[in-house]
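This report refers to the structure that appears directly beneath it.
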Amino acid sequence: MLQYLLSRVSTEEFAIYPVIMSLMVFSQIVFRFFTGGLSRFVVDAYAKGDFYRVSEITSSAFPMLLLGSTIFFVTGTLFGVNIDLFLNIGHEYVYIARIMFVLLIISFSLQMLCIPFKVGFDVKQKYVELNILNSFRDIFKVILIFCLLIFVGPSVIWIVVGTVIADVIHTAVVFYRSRALVPELRFSHALIRWKQATQIVSFGAWTTLGRLGALMYTTGATILLNLFGTPLDVTNFYLGSTLFRHINALIGFAALPLQPAITAMNSLNDHQRLKNTVLRGGRYATWIGLAVALPLAIFSEELITVYLGSEFLKSAIVLALFMAFFPFILPTFLLPMTAMAMFKVKEFYIVAFVAQLLGFLVMIYVTAGLNMGAIAVTACLFAVTAISQIFFFWPLCCRLVKISRSEVFWDLVYPGFLPAVAGSIVWIGFKVVYPPDSWLTLFAYGAAGGLVYLATLFAFSLNSQERRELRTVIDKTSLRLG
């Protein structure tokens with residue numbers, strides 16, 4: 001879709017989309033502030049069989065969300081109507097930008113109102129069903145956008161129109177299905193408890209602080225490039241960061257079912273099991289993430305050339321830098337969940353926010369002071385990420401779940417990174433000897449290195465328990481096939 005659109009619209013028009021989507025991502029701050037602890041409180045009440053309290057929590061949260069969504073809608077609409085006063089948008093594209101922004105404001109406001117009634121999937125742990133619904137939404141969105149682009153005409157506005165229609169339908173379906181799973185997710189004026197509402201907001205305030213920091217030094221970069229860079233800088237940054245966001249989101253979705261389990265382990269003081277889960281989760285996230293990130297980083301230049309052409313080659317460097325984030329963030333991937341389960345959100349998010357704020361200030365200096373573009377901004381993000389992970393997040397993870405340095409190396413670093421080293425040798429060798437120049441060679445080289453990656457993982461990285469579990473799976477599969 002990006003390839004089709006970039007070949008038919010100007011870079012200036014396409015750059016509107018990543019800038020507006022970056023602004024809309026900040027709406028998550030409003031979501032988090034009002035609902036950061038909502039799911040946790042509902043899951044806890046339902047697990048204890050206190051169904052009346054489930055309705056109390058839902059009823060207490062809804063008035064806050066009604067107020068928040070109303071303020072969000074009014075301020076967002078006013079901003080959208082005057083968007084050209086705040087952002088660097090060409091005069092001929094202001095009307096398109098206004099429509100796109102207001103449509104997204106309407107969609108996000110509706111989604112916000114439905115949040116308390118959509119946690120039924122968390123309560124029942126129906127994450128597979130939720131992911132299926134999400135997949136149907138994404139497929140429908142892509143088909144709808146393609147139809148609009150082909151039959152109406154190429155314009156960046158159709159991405160937003162298709163996204164809004166798909167999101168509204170998806171919200172309605174999830175709302176209905178969630179309440180079917182947990183009928184206690186209902187609103188009653190008589191069940192409003194302002195003390196409960198205050199507790200939800202207090203818990204959500206710390207998660208909001210962390211999310212704000214993360215947004216400042218990721219999506220905030222797009223806004224800075226719009227204000228102080230060029231449309232090509234915005235486009236290169238968007239193209240290079242898109243795969244990072246998708247990979248990170250997919251691993252996050254896969255880890256969602258662990259949040260209730262980690263919370264239960266902490267509540268039952270099952271510290272050894274919690275430690276093993278954090279170590280195993282770090283290994284699995286590292287294995288999955290690096291299997292995709294490394295070939296993308298190594299073949300980034302060839303991939304962008306084959307996909308989009310030489311005009312966007314700088315996005316290849318941005319892509320490679322973003323893929324370099326993963327070796328630092330994946331081993332501690334379960335840290336945020338662990339901090340929330342142990343009520344260590346304050347300890348976790350304050351320092352994270354400070355580090356991310358410093359990174360954002362450095363990006364302002366790089367863009368506004370030095371007039372540097374997408375590559376320099378991404379390099380700043382990488383430096384902030386690497387330093388904060390090494391000197392704060394990794395030590396904090398070890399301290400919370402009582403992991404020793406030897407366990408970090410032998411149970412996380414060594415088994416987690418060994419397949420990556422073996423696979424990288426193969427991928428780099430192909431790149432040096434015969435660089436890929438087509439989709440066929442890119443896939444062939446990726447598959448060849450992937451086989452070495454998997455062989456190393458199964459031969460040297462699995463511990464004894466994982467080998468037993470793998471043999472059990474193989475035996476059961478053989479019996480079914482036999």
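Quick note on naming: the chains in the structure tokens go A, B, ... in the order shown, residues restart at 1 in each chain, and ligands are numbered from 1 in order of appearance.
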
Closest pair table for range 261-335 of chain A residues within 8 Å of range 242-249 of chain A, only C-alpha atoms, as a Markdown table:
```
| residue | atom | partner | partner_atom | distance |
| --- | --- | --- | --- | --- |
| A:Gly289 | CA | A:Ile247 | CA | 7.1 |
| A:Leu319 | CA | A:Phe244 | CA | 7.7 |
| A:Phe322 | CA | A:Phe244 | CA | 6.2 |
| A:Met323 | CA | A:Phe244 | CA | 6.5 |
```

Which range 173-292 of chain A residues have any atom within 12 Å of an atom of range 112-123 of chain A, and for each, what is the nearest pair of atoms with distance in Å to one decimal, counting only C-alpha atoms, rows sorted by chain and number, as JSON lines?
```
{"residue": "A:Val173", "atom": "CA", "partner": "A:Lys118", "partner_atom": "CA", "distance": 9.8}
{"residue": "A:Val174", "atom": "CA", "partner": "A:Lys118", "partner_atom": "CA", "distance": 6.4}
{"residue": "A:Phe175", "atom": "CA", "partner": "A:Lys118", "partner_atom": "CA", "distance": 5.3}
{"residue": "A:Tyr176", "atom": "CA", "partner": "A:Lys118", "partner_atom": "CA", "distance": 8.3}
{"residue": "A:Arg177", "atom": "CA", "partner": "A:Gly120", "partner_atom": "CA", "distance": 8.1}
{"residue": "A:Ser178", "atom": "CA", "partner": "A:Gly120", "partner_atom": "CA", "distance": 4.5}
{"residue": "A:Arg179", "atom": "CA", "partner": "A:Phe117", "partner_atom": "CA", "distance": 6.4}
{"residue": "A:Ala180", "atom": "CA", "partner": "A:Gly120", "partner_atom": "CA", "distance": 8.2}
{"residue": "A:Leu181", "atom": "CA", "partner": "A:Gly120", "partner_atom": "CA", "distance": 5.9}
{"residue": "A:Val182", "atom": "CA", "partner": "A:Gly120", "partner_atom": "CA", "distance": 5.5}
{"residue": "A:Pro183", "atom": "CA", "partner": "A:Gly120", "partner_atom": "CA", "distance": 8.7}
{"residue": "A:Glu184", "atom": "CA", "partner": "A:Phe117", "partner_atom": "CA", "distance": 9.2}
{"residue": "A:Leu185", "atom": "CA", "partner": "A:Phe117", "partner_atom": "CA", "distance": 5.4}
{"residue": "A:Arg186", "atom": "CA", "partner": "A:Phe117", "partner_atom": "CA", "distance": 6.9}
{"residue": "A:Phe187", "atom": "CA", "partner": "A:Phe117", "partner_atom": "CA", "distance": 8.8}
{"residue": "A:Ala197", "atom": "CA", "partner": "A:Pro116", "partner_atom": "CA", "distance": 11.9}
{"residue": "A:Ile200", "atom": "CA", "partner": "A:Pro116", "partner_atom": "CA", "distance": 11.5}
{"residue": "A:Leu256", "atom": "CA", "partner": "A:Asp122", "partner_atom": "CA", "distance": 8.7}
{"residue": "A:Pro257", "atom": "CA", "partner": "A:Asp122", "partner_atom": "CA", "distance": 8.0}
{"residue": "A:Leu258", "atom": "CA", "partner": "A:Asp122", "partner_atom": "CA", "distance": 10.6}
{"residue": "A:Gln259", "atom": "CA", "partner": "A:Asp122", "partner_atom": "CA", "distance": 9.2}
{"residue": "A:Pro260", "atom": "CA", "partner": "A:Asp122", "partner_atom": "CA", "distance": 8.2}
{"residue": "A:Ala261", "atom": "CA", "partner": "A:Asp122", "partner_atom": "CA", "distance": 11.4}
```

Item to check | Given only C-alpha atoms as the counted atoms, nearest of A:Gly162, A:Phe62, A:Gly90, A:Asn131 to Leu104 in chain A | outcome: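 Smallest distance to Leu104 in chain A is found for A:Gly162.
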
Next on the checklist: Can you tell me which residues surround Ala341 in chain A at a distance of at most 7 Å, considering only C-alpha atoms, apart from same-chain residues fewer than 6 positions away, and format the answer as a PyMOL selection string?
Outcome noted: chain A and resi 262-263+266

Same residues, N, CA, C and O atoms, saved as a compact mmCIF listing (two decimals), in the first residue's frame:
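Written file, again_7.txt:
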```
# COMPACT_ATOMS: atom_id res chain seq x y z
N ILE A 262 1.29 -13.08 35.81
CA ILE A 262 2.35 -12.44 36.59
C ILE A 262 1.77 -11.77 37.83
O ILE A 262 2.36 -11.83 38.93
N THR A 263 0.60 -11.17 37.69
CA THR A 263 -0.07 -10.56 38.84
C THR A 263 -0.39 -11.61 39.89
O THR A 263 -0.20 -11.39 41.10
N ASN A 266 2.76 -12.81 41.80
CA ASN A 266 3.18 -11.85 42.83
C ASN A 266 2.24 -11.87 44.03
O ASN A 266 2.69 -11.81 45.19
```

Checklist entry - Between CA of Ala264 in chain A and CA of Leu334 in chain A, what is the spacing in Å? => result 14.6 Å

Item to check | Residue contacts of Asp437 in chain A (9 Å, only C-alpha atoms) excluding same-chain residues fewer than 6 positions away, as a ChimeraX atom specification | outcome: /A:302-303,305-306

List every residue of range 257-370 of chain A that has an atom at most 9 Å from any atom of range 397-405 of chain A, giving for each one its closest atom pair and the distance in Å to one decimal, counting only C-alpha atoms, sorted by chain and then by ascending residue number, as a Markdown table.
```
| residue | atom | partner | partner_atom | distance |
| --- | --- | --- | --- | --- |
| A:His271 | CA | A:Val401 | CA | 7.0 |
| A:Gln272 | CA | A:Val401 | CA | 8.3 |
| A:Leu274 | CA | A:Val401 | CA | 7.1 |
| A:Lys275 | CA | A:Val401 | CA | 5.4 |
| A:Val278 | CA | A:Val401 | CA | 8.0 |
| A:Leu279 | CA | A:Ile403 | CA | 8.7 |
| A:Thr332 | CA | A:Cys397 | CA | 6.9 |
| A:Leu334 | CA | A:Cys397 | CA | 8.8 |
| A:Leu335 | CA | A:Cys397 | CA | 6.0 |
| A:Thr338 | CA | A:Leu400 | CA | 8.1 |
| A:Ala339 | CA | A:Leu400 | CA | 7.8 |
| A:Met342 | CA | A:Leu400 | CA | 8.4 |
| A:Lys344 | CA | A:Leu400 | CA | 8.7 |
```

Export C-alpha atoms of the chosen residues as a short mmCIF file (atom, residue, chain, number, x, y, z; two decimals), in the first residue's frame?
```
data_model
loop_
_atom_site.label_atom_id
_atom_site.label_comp_id
_atom_site.auth_asym_id
_atom_site.auth_seq_id
_atom_site.Cartn_x
_atom_site.Cartn_y
_atom_site.Cartn_z
CA HIS A 271 8.84 -15.48 43.56
CA GLN A 272 10.77 -18.36 41.99
CA LEU A 274 7.91 -15.20 38.72
CA LYS A 275 11.67 -15.05 38.18
CA VAL A 278 10.60 -13.14 33.45
CA LEU A 279 13.75 -14.95 32.29
CA THR A 332 13.53 -7.03 29.71
CA LEU A 334 8.23 -8.29 30.72
CA LEU A 335 9.57 -5.60 33.05
CA THR A 338 6.20 -7.09 36.41
CA ALA A 339 6.38 -3.54 37.76
CA MET A 342 4.28 -5.62 42.05
CA LYS A 344 6.28 -0.64 41.47
#
```

Next on the checklist: Neighbouring residues of Gln196 in chain A were defined as those with any atom within 10 Å, considering only C-alpha atoms; residues of the same chain fewer than 5 positions away were excluded. Please report them as a VMD selection string.
Outcome noted: chain A and resid 41 53 56 to 61 201 to 202

Just write the chosen residues, N, CA and C atoms, as a JSON list (two decimals), in the first residue's frame.
```json
[["chain", "number", "residue", "atom", "x", "y", "z"],
["A", 41, "PHE", "N", -8.00, -3.84, 38.05],
["A", 41, "PHE", "CA", -8.99, -3.84, 39.11],
["A", 41, "PHE", "C", -10.17, -4.75, 38.77],
["A", 53, "ARG", "N", -18.77, -5.74, 42.49],
["A", 53, "ARG", "CA", -17.70, -4.74, 42.43],
["A", 53, "ARG", "C", -17.25, -4.50, 40.99],
["A", 56, "GLU", "N", -19.43, -1.95, 39.86],
["A", 56, "GLU", "CA", -19.06, -0.69, 40.52],
["A", 56, "GLU", "C", -17.88, -0.03, 39.82],
["A", 57, "ILE", "N", -16.86, -0.83, 39.49],
["A", 57, "ILE", "CA", -15.66, -0.29, 38.83],
["A", 57, "ILE", "C", -16.03, 0.28, 37.46],
["A", 58, "THR", "N", -16.82, -0.47, 36.70],
["A", 58, "THR", "CA", -17.23, -0.01, 35.38],
["A", 58, "THR", "C", -18.04, 1.28, 35.47],
["A", 59, "SER", "N", -18.98, 1.31, 36.40],
["A", 59, "SER", "CA", -19.82, 2.49, 36.56],
["A", 59, "SER", "C", -19.03, 3.69, 37.05],
["A", 60, "SER", "N", -18.03, 3.45, 37.90],
["A", 60, "SER", "CA", -17.21, 4.55, 38.42],
["A", 60, "SER", "C", -16.28, 5.12, 37.37],
["A", 61, "ALA", "N", -15.83, 4.26, 36.45],
["A", 61, "ALA", "CA", -14.90, 4.72, 35.42],
["A", 61, "ALA", "C", -15.60, 5.48, 34.31],
["A", 201, "VAL", "N", -7.76, 6.41, 38.73],
["A", 201, "VAL", "CA", -6.99, 7.52, 38.16],
["A", 201, "VAL", "C", -5.59, 7.59, 38.76],
["A", 202, "SER", "N", -5.49, 7.36, 40.07],
["A", 202, "SER", "CA", -4.18, 7.40, 40.74],
["A", 202, "SER", "C", -3.24, 6.36, 40.16]]
```

Checklist entry - Running DSSP on the backbone, which parts of range 28-109 of chain A land in alpha helix (DSSP H), as a PyMOL selection string? => result chain A and resi 28-35+38-47+51-81+94-109

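Pairwise distance (CA of Cys380 in chain A, CA of Ala291 in chain A) equals 24.5 Å.
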
Checklist outcome for this item: In Å and to one decimal, CA of Leu103 in chain A is distant from CA of Glu129 in chain A by 27.7 Å

Item to check | Residue nearest Ser300 in chain A among A:Lys431, A:Arg273, A:His170, A:His189 (counting only C-alpha atoms) | outcome: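 The closest residue to Ser300 in chain A is A:Lys431.
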